[in-house]
$ cat target-v9.csv   # CSV, C-alpha atoms
chain,number,residue,atom,x,y,z
A,195,LEU,CA,0.0,0.0,0.0
A,196,VAL,CA,1.2,3.5,-0.9
A,197,THR,CA,-0.2,6.8,0.3
A,198,VAL,CA,0.0,9.4,-2.4
A,199,THR,CA,-0.4,13.1,-1.4
A,200,VAL,CA,-1.4,15.5,-4.1
A,201,GLN,CA,-2.0,19.2,-3.9
A,202,VAL,CA,-5.0,20.9,-5.6
A,203,MET,CA,-5.8,24.5,-5.9
A,204,VAL,CA,-9.2,25.5,-4.7
A,205,ALA,CA,-10.2,29.0,-5.8
A,206,ASP,CA,-13.7,29.3,-4.3
A,207,VAL,CA,-15.6,26.3,-2.8
A,208,LYS,CA,-18.3,26.6,-0.1
A,209,GLU,CA,-19.3,23.4,1.8
A,210,ARG,CA,-22.4,23.6,4.0
A,211,GLY,CA,-21.8,27.1,5.0
A,212,GLN,CA,-18.5,26.2,6.6
A,213,GLY,CA,-16.5,28.9,4.7
A,214,ARG,CA,-14.4,29.1,1.6
A,215,PRO,CA,-11.1,27.2,1.7
A,216,LYS,CA,-8.6,28.7,-0.7
A,217,GLY,CA,-5.2,27.7,-1.9
A,218,ALA,CA,-3.6,24.4,-1.8
A,219,LEU,CA,-5.3,21.4,-0.1
A,220,GLU,CA,-3.6,18.1,0.5
A,221,HIS,CA,-5.7,15.2,-0.7
A,222,ARG,CA,-4.3,11.8,0.5
A,223,VAL,CA,-5.3,8.6,-1.3
A,224,LEU,CA,-4.3,5.0,-0.6
A,225,TYR,CA,-3.3,3.0,-3.6
A,226,ARG,CA,-2.2,-0.6,-4.1
A,227,ALA,CA,0.7,-1.6,-6.4
A,228,GLY,CA,-0.4,-1.6,-10.0
A,229,ASP,CA,-3.2,0.9,-9.5
A,230,SER,CA,-3.4,3.9,-11.8
A,231,VAL,CA,-2.8,7.2,-10.1
A,232,PRO,CA,-4.8,10.2,-11.4
A,233,ARG,CA,-2.8,13.3,-12.2
A,234,SER,CA,-5.3,15.6,-10.6
A,235,VAL,CA,-8.2,15.5,-8.2
A,236,PRO,CA,-11.4,17.6,-8.8
A,237,ALA,CA,-11.4,20.6,-6.6
A,238,LYS,CA,-14.9,20.0,-5.2
A,239,GLN,CA,-14.0,16.4,-4.3
A,240,ALA,CA,-10.8,17.5,-2.5
A,241,ALA,CA,-12.7,20.2,-0.7
A,242,ARG,CA,-15.3,17.7,0.5
A,243,GLY,CA,-12.6,15.4,1.7
A,244,TRP,CA,-10.9,18.3,3.5
A,245,TRP,CA,-14.0,19.3,5.3
A,246,ARG,CA,-14.9,15.6,6.1
A,247,GLN,CA,-11.4,15.1,7.6
A,248,ARG,CA,-11.9,18.3,9.6
A,249,ARG,CA,-15.2,17.2,11.0
A,250,VAL,CA,-13.9,13.7,11.8
A,251,ALA,CA,-10.8,15.2,13.5
A,252,GLU,CA,-13.1,17.4,15.7
A,253,ARG,CA,-15.2,14.4,16.6
A,254,GLU,CA,-12.8,11.5,17.0
A,255,PRO,CA,-9.7,11.0,19.2
A,256,THR,CA,-6.5,11.5,17.2
A,257,MET,CA,-4.1,8.5,16.7
A,258,LYS,CA,-1.3,8.6,19.3
A,259,CYS,CA,1.9,6.7,19.1
A,260,PRO,CA,2.2,4.5,22.3
A,261,SER,CA,6.0,4.8,22.1
A,262,CYS,CA,7.0,8.4,21.3
A,263,GLU,CA,3.5,9.7,22.4
A,264,LYS,CA,3.3,12.0,19.4
A,265,ASP,CA,-0.3,13.0,18.9
A,266,PRO,CA,-1.3,12.8,16.2
A,267,ALA,CA,1.3,10.5,14.9
A,268,GLU,CA,2.2,10.3,11.2
A,269,ILE,CA,1.9,6.7,10.2
A,270,GLU,CA,2.1,4.3,7.3
A,271,PRO,CA,0.7,0.7,6.9
A,272,VAL,CA,3.0,-2.2,7.8
A,273,GLU,CA,3.0,-4.6,4.8
A,274,ASP,CA,4.2,-7.7,6.6
A,275,GLY,CA,2.4,-7.1,9.9
A,276,GLU,CA,-0.9,-8.1,11.4
A,277,PRO,CA,-4.0,-6.7,9.7
A,278,GLY,CA,-4.4,-3.0,10.6
A,279,MET,CA,-0.9,-2.6,11.9
A,280,VAL,CA,0.9,0.7,11.2
A,281,MET,CA,4.3,2.2,11.8
A,282,CYS,CA,5.0,5.6,13.4
A,283,LEU,CA,7.3,7.5,11.0
A,284,ASP,CA,8.8,9.5,13.9
A,285,CYS,CA,10.1,6.6,16.0
A,286,GLY,CA,9.6,3.5,14.0
A,287,GLU,CA,7.3,1.8,16.5
A,288,GLU,CA,4.8,-0.7,15.0
A,289,PHE,CA,1.4,-0.9,16.6
A,290,THR,CA,-2.2,-1.5,16.0
A,291,PRO,CA,-4.3,1.7,16.5
A,292,ALA,CA,-7.0,1.4,19.1
A,293,ASP,CA,-10.6,1.5,17.9
A,294,PRO,CA,-11.6,5.2,18.3
A,295,ARG,CA,-15.0,3.9,19.6
A,296,ALA,CA,-13.5,2.0,22.5
A,297,GLN,CA,-13.0,4.9,24.8
A,298,ARG,CA,-16.1,6.9,23.9
A,299,PHE,CA,-18.4,3.8,24.1
A,300,ALA,CA,-16.8,2.0,27.0
A,301,ASN,CA,-19.5,-0.3,28.5
A,302,TYR,CA,-21.9,0.3,25.7
A,303,ALA,CA,-23.1,-2.5,23.4
A,304,VAL,CA,-25.3,-3.2,20.5
A,305,ALA,CA,-28.1,-5.4,21.9
A,306,LYS,CA,-30.8,-7.6,20.5
A,307,ILE,CA,-34.2,-7.4,22.2
A,308,MET,CA,-35.2,-11.0,23.2
A,309,ALA,CA,-38.3,-10.4,25.2
A,310,VAL,CA,-40.5,-7.5,26.3
A,311,ARG,CA,-42.8,-7.6,29.3
A,312,ALA,CA,-45.3,-4.9,30.2
A,313,LEU,CA,-45.0,-3.5,33.7
A,314,LYS,CA,-47.0,-0.8,35.5
A,315,GLY,CA,-48.0,2.1,33.4
A,316,ALA,CA,-45.6,2.8,30.4
A,317,LEU,CA,-42.8,0.8,32.0
A,318,LYS,CA,-41.5,-2.3,30.3
A,319,ALA,CA,-38.9,-5.0,31.3
A,320,VAL,CA,-36.7,-5.8,28.3
A,321,ASP,CA,-34.4,-8.8,28.1
A,322,LEU,CA,-31.3,-8.1,26.0
A,323,ASP,CA,-28.7,-10.3,24.3
A,324,VAL,CA,-25.4,-8.2,24.5
A,325,GLY,CA,-23.3,-10.8,22.7
A,326,GLN,CA,-22.9,-13.2,25.7
A,327,GLY,CA,-25.6,-15.6,24.5
A,328,GLU,CA,-29.1,-16.4,25.6
A,329,ASP,CA,-27.9,-17.8,28.9
A,330,ALA,CA,-26.5,-14.4,30.0
A,331,LEU,CA,-29.3,-11.9,29.1
A,332,VAL,CA,-29.3,-8.4,30.6
A,333,GLN,CA,-32.6,-7.0,31.9
A,334,VAL,CA,-33.3,-3.3,31.5
A,335,THR,CA,-36.5,-1.4,32.5
A,336,THR,CA,-37.6,1.4,30.2
A,337,ASN,CA,-40.5,3.6,29.3
A,338,ALA,CA,-39.4,3.9,25.7
A,339,LYS,CA,-42.2,3.5,23.1
A,340,HIS,CA,-42.1,1.1,20.1
A,341,VAL,CA,-39.9,-1.5,21.7
A,342,ALA,CA,-40.3,-4.9,20.0
A,343,GLU,CA,-38.7,-8.3,20.2
A,344,GLY,CA,-36.0,-8.9,17.6
A,345,GLU,CA,-34.9,-5.3,17.2
A,346,LEU,CA,-31.3,-4.2,17.6
A,347,VAL,CA,-30.7,-1.2,20.0
A,348,VAL,CA,-27.9,0.3,21.9
A,349,VAL,CA,-27.6,-0.2,25.7
A,350,ALA,CA,-25.5,1.6,28.2
A,351,LEU,CA,-24.4,-0.9,30.8
A,352,GLU,CA,-22.9,-0.6,34.3
A,353,GLY,CA,-20.0,1.8,34.2
A,354,ALA,CA,-21.0,3.6,31.0
A,355,ILE,CA,-21.0,7.4,31.0
A,356,VAL,CA,-24.1,9.0,29.5
A,357,PRO,CA,-24.0,11.0,27.3
A,358,ALA,CA,-21.2,9.1,25.6
A,359,GLY,CA,-17.8,10.9,25.6
A,360,LYS,CA,-18.7,13.2,28.5
A,361,VAL,CA,-16.8,13.2,31.8
A,362,VAL,CA,-18.6,13.0,35.2
A,363,GLY,CA,-17.6,16.0,37.3
A,364,GLU,CA,-16.7,18.1,34.3
A,365,ASP,CA,-19.9,17.9,32.3
A,366,PRO,CA,-23.1,18.7,34.3
A,367,ASP,CA,-25.3,16.3,32.3
A,368,ALA,CA,-22.9,13.3,32.6
A,369,ILE,CA,-23.9,10.4,34.7
A,370,GLU,CA,-22.5,6.9,35.3
A,371,ILE,CA,-24.8,4.0,34.8
A,372,LYS,CA,-25.3,1.8,37.8
A,373,PRO,CA,-27.6,-1.1,38.5
A,374,THR,CA,-30.9,0.1,40.0
A,375,SER,CA,-34.5,-0.8,40.5
A,376,VAL,CA,-37.3,0.9,38.5
A,377,GLY,CA,-40.8,0.3,39.6
A,378,GLY,CA,-39.6,-2.5,41.8
A,379,VAL,CA,-37.9,-4.3,38.9
A,380,LYS,CA,-34.1,-4.6,38.6
A,381,SER,CA,-32.5,-2.7,35.7
A,382,ALA,CA,-28.9,-3.3,34.7
A,383,GLY,CA,-28.6,-0.5,32.1
A,384,MET,CA,-30.3,2.1,30.0
A,385,LEU,CA,-31.6,2.0,26.4
A,386,CYS,CA,-30.1,4.8,24.3
A,387,ASP,CA,-31.6,7.5,22.1
A,388,SER,CA,-29.4,9.4,19.6
A,389,PRO,CA,-28.4,12.3,21.9
A,390,MET,CA,-27.2,9.9,24.6
A,391,LEU,CA,-24.8,8.5,22.0
A,392,GLY,CA,-23.5,11.9,21.0
A,393,TRP,CA,-24.9,11.4,17.5
A,394,VAL,CA,-26.2,14.2,15.2
A,395,GLY,CA,-29.8,13.6,14.2
A,396,GLY,CA,-32.4,11.6,15.9
A,397,ALA,CA,-34.8,12.9,18.5
A,398,LYS,CA,-34.4,12.9,22.3
A,399,GLY,CA,-36.4,10.2,23.9
A,400,VAL,CA,-36.8,8.1,20.7
A,401,LEU,CA,-35.1,4.8,21.0
A,402,GLN,CA,-32.3,4.5,18.4
A,403,LYS,CA,-32.5,1.2,16.4
A,404,LEU,CA,-29.9,-0.4,14.2
A,405,ASP,CA,-29.9,-2.5,11.1
A,406,ALA,CA,-29.5,-6.2,11.8
A,407,ALA,CA,-27.7,-6.6,8.5
A,408,ALA,CA,-24.9,-4.3,9.6
A,409,PHE,CA,-24.6,-4.9,13.4
A,410,SER,CA,-24.6,-7.9,15.8
A,411,PRO,CA,-25.2,-8.2,19.6
A,412,GLY,CA,-22.0,-7.2,21.5
A,413,ASP,CA,-20.7,-4.8,18.8
A,414,LEU,CA,-19.6,-1.3,19.7
A,415,PRO,CA,-22.0,1.4,18.4
A,416,PRO,CA,-20.8,3.4,15.4
A,417,LEU,CA,-19.3,6.9,15.8
A,418,GLU,CA,-22.1,8.4,13.7
A,419,ARG,CA,-25.8,7.8,13.5
A,420,PRO,CA,-26.5,5.3,10.7
A,421,ARG,CA,-28.3,6.8,7.7
$ encode --input "target-v9.csv" --output "structure tokens"
Amino acid sequence: LVTVTVQVMVADVKERGQGRPKGALEHRVLYRAGDSVPRSVPAKQAARGWWRQRRVAEREPTMKCPSCEKDPAEIEPVEDGEPGMVMCLDCGEEFTPADPRAQRFANYAVAKIMAVRALKGALKAVDLDVGQGEDALVQVTTNAKHVAEGELVVVALEGAIVPAGKVVGEDPDAIEIKPTSVGGVKSAGMLCDSPMLGWVGGAKGVLQKLDAAAFSPGDLPPLERPR
């Protein structure tokens, strides 16, 4: 794999009201040996890539080298290493980058609803498969509407910080999930709506559901709300 960096001149491009980047933009593309490399990149395509990289950088943790601790580290793929392994170009350390979702979604999981039982009023007891099999289901109580057996949802389990990515003590809205009793029924977590996951889009109080073709019980949630 070879990373090719080209410069394109953008005279006047406006993307979603974010401003007008001008001058040279670096547009990095990953190629395999034998691929044809274009001599130029369309300005609008490069500008979209630039803004997309900017938005991702503002949202996701940067890649830090565990050896020299440069953050962000400049890296390149290791051809003979394990899948996903990279090398820091500053110190030569080879490492596998951590999944950027791991810290933000610690103690969160994609879960399959196995059973729903009506309780008093709008409360429901929901049994969830969080990837440990049907012999280790997690029970959560919720007043969310439109909860049905077989659906995939996201659950914040014991130790999770809600909203995701916030810090208890620094963010006034941040809370740590602990086992509790709701309406006299034990609950080991909380079903999540989009704002609880830090996603853009989706209404507060509306249970966020996922596509079973793209996710499985026990997976980490995606960084962005699926379209």
$ residues_near_point --input "target-v9.csv" --point "(-8.0, -1.2, 16.2)" --cutoff "12 Å" --atoms "all atoms listed in the file" --output "list in words"
Met257, Glu276, Pro277, Gly278, Met279, Val280, Phe289, Thr290, Pro291, Ala292, Asp293, Pro294, Arg295, Ala296 and Gln297 of chain A
$ write_last_selection --input "target-v9.csv" --atoms "C-alpha atoms" --output "mmCIF file, in the coordinates of the input"
data_model
loop_
_atom_site.group_PDB
_atom_site.id
_atom_site.type_symbol
_atom_site.label_atom_id
_atom_site.label_comp_id
_atom_site.auth_asym_id
_atom_site.auth_seq_id
_atom_site.Cartn_x
_atom_site.Cartn_y
_atom_site.Cartn_z
ATOM 1 C CA MET A 257 -4.100 8.500 16.700
ATOM 2 C CA GLU A 276 -0.900 -8.100 11.400
ATOM 3 C CA PRO A 277 -4.000 -6.700 9.700
ATOM 4 C CA GLY A 278 -4.400 -3.000 10.600
ATOM 5 C CA MET A 279 -0.900 -2.600 11.900
ATOM 6 C CA VAL A 280 0.900 0.700 11.200
ATOM 7 C CA PHE A 289 1.400 -0.900 16.600
ATOM 8 C CA THR A 290 -2.200 -1.500 16.000
ATOM 9 C CA PRO A 291 -4.300 1.700 16.500
ATOM 10 C CA ALA A 292 -7.000 1.400 19.100
ATOM 11 C CA ASP A 293 -10.600 1.500 17.900
ATOM 12 C CA PRO A 294 -11.600 5.200 18.300
ATOM 13 C CA ARG A 295 -15.000 3.900 19.600
ATOM 14 C CA ALA A 296 -13.500 2.000 22.500
ATOM 15 C CA GLN A 297 -13.000 4.900 24.800
#
$ atom_distance --input "target-v9.csv" --atom1 "CA of Ala330 (chain A)" --atom2 "CA of Met308 (chain A)"
11.6 Å
$ atom_distance --input "target-v9.csv" --atom1 "CA of Glu273 (chain A)" --atom2 "CA of Glu287 (chain A)"
14.0 Å
$ atom_distance --input "target-v9.csv" --atom1 "CA of Gly412 (chain A)" --atom2 "CA of Ala354 (chain A)"
14.4 Å
$ closest_residue --input "target-v9.csv" --among "A:Val310, A:Leu417, A:His340, A:Ile371" --to "Leu401 (chain A)" --atoms "all atoms listed in the file"
A:His340
$ closest_residue --input "target-v9.csv" --among "A:Thr336, A:Ser261, A:Asn301, A:Gln326" --to "Ser381 (chain A)" --atoms "all atoms listed in the file"
A:Thr336
$ residues_around --input "target-v9.csv" --residues "Gly399 (chain A)" --least-positions-apart "4" --cutoff "10 Å" --atoms "only C-alpha atoms" --output "PyMOL selection string"
chain A and resi 337-339+385-390
$ write_last_selection --input "target-v9.csv" --atoms "C-alpha atoms" --output "JSON list (two decimals), in the coordinates of the input"
[["chain", "number", "residue", "atom", "x", "y", "z"],
["A", 337, "ASN", "CA", -40.50, 3.60, 29.30],
["A", 338, "ALA", "CA", -39.40, 3.90, 25.70],
["A", 339, "LYS", "CA", -42.20, 3.50, 23.10],
["A", 385, "LEU", "CA", -31.60, 2.00, 26.40],
["A", 386, "CYS", "CA", -30.10, 4.80, 24.30],
["A", 387, "ASP", "CA", -31.60, 7.50, 22.10],
["A", 388, "SER", "CA", -29.40, 9.40, 19.60],
["A", 389, "PRO", "CA", -28.40, 12.30, 21.90],
["A", 390, "MET", "CA", -27.20, 9.90, 24.60]]
$ residues_around --input "target-v9.csv" --residues "Arg298 (chain A)" --least-positions-apart "6" --cutoff "12 Å" --atoms "only C-alpha atoms" --output "PyMOL selection string"
chain A and resi 253-255+292+350+354-361+390-393+414-418
$ residues_around --input "target-v9.csv" --residues "Leu404 (chain A)" --least-positions-apart "2" --cutoff "9 Å" --atoms "all atoms listed in the file" --output "list in words"
Val304, Glu345, Leu346, Val347, Val348, Gln402, Ala406, Ala407, Ala408, Phe409 and Pro420 of chain A
$ residues_near_point --input "target-v9.csv" --point "(-44.3, 4.6, 34.3)" --cutoff "8 Å" --atoms "all atoms listed in the file" --output "NGL selection string"
:A and (314-317 or 337 or 377)
$ residues_around --input "target-v9.csv" --residues "Lys318 (chain A)" --least-positions-apart "6" --cutoff "6 Å" --atoms "all atoms listed in the file" --output "list in words"
Arg311, Ala312, Thr335 and Thr336 of chain A
$ closest_residue --input "target-v9.csv" --among "A:Met281, A:Val349, A:Val272, A:Ala382" --to "Val332 (chain A)" --atoms "all atoms listed in the file"
A:Ala382
$ closest_residue --input "target-v9.csv" --among "A:Val334, A:Ala342, A:Ala300, A:Cys262" --to "Leu283 (chain A)" --atoms "only C-alpha atoms"
A:Cys262
$ closest_residue --input "target-v9.csv" --among "A:Asp329, A:Glu263, A:Asp284, A:Glu343" --to "Lys306 (chain A)" --atoms "all atoms listed in the file"
A:Glu343
